[in-house]
Amino acid sequence: MAEFTPINTQEEFDAALKERLKRDREAQAKKFEGWISPDDQQKRVNEYEKQIKALQDAAAESEKTLAEKDAEIAKGAKYRTDLEKTRIALAAGLKIDYADRLRGENADEWKKDAEILAKDFAVSHRTAPIGSAEGVNTNAAKQSKQASERDALRSMIQGLDASAK
């Protein structure tokens, strides 16, 4: 060990203390090498918070744009759906007004519904064909009834004329 030398002046004390503090600072610097100071850490945190805020703003803007695009797509999809329903209704022999009444989730279901509507519509609004046997018999009966009423009125009038003479 080194021999002890007494310190007699303030300058000697300051020099010894300065050397000792230098060694201690070097040891501490080596110990905390790669670490950052609290001030540097706060600066980094502030930078990261700014970046996070910017990313959140960009994400909000993207969500807004995405919502607008989704609305446009939905509008186009409704247009295509209405167009397909109209085409199916016309192909089934229905009026355009019946296209909105078609039910189902896809074109196959709309076609089935259109066929059912067309079948029901055709049956409920069917008229008797001209010249059918049914129509002739009914018309003949009406005509014979009208003729017999006419004949009865004529004979009554002739009887009144004869009695008046």
# chains A, B, ... in the order shown; residues from 1 in each chain; ligands from 1

call {"tool": "residues_around", "arguments": {"residues": "stretch 85-92 of chain A", "least_positions_apart": "3", "cutoff": "12 Å", "atoms": "only C-alpha atoms", "output": "PyMOL selection string"}}
result
chain A and resi 78-82+95-122

call {"tool": "select_by_dssp", "arguments": {"residues": "stretch 29-114 of chain A", "states": "helix (DSSP H, G or I)", "output": "VMD selection string"}}
result
chain A and resid 29 to 31 38 to 91 96 to 101 107 to 114

call {"tool": "atom_distance", "arguments": {"atom1": "atom CA of A:Asp24", "atom2": "atom CA of A:Asp40"}}
result
22.7 Å
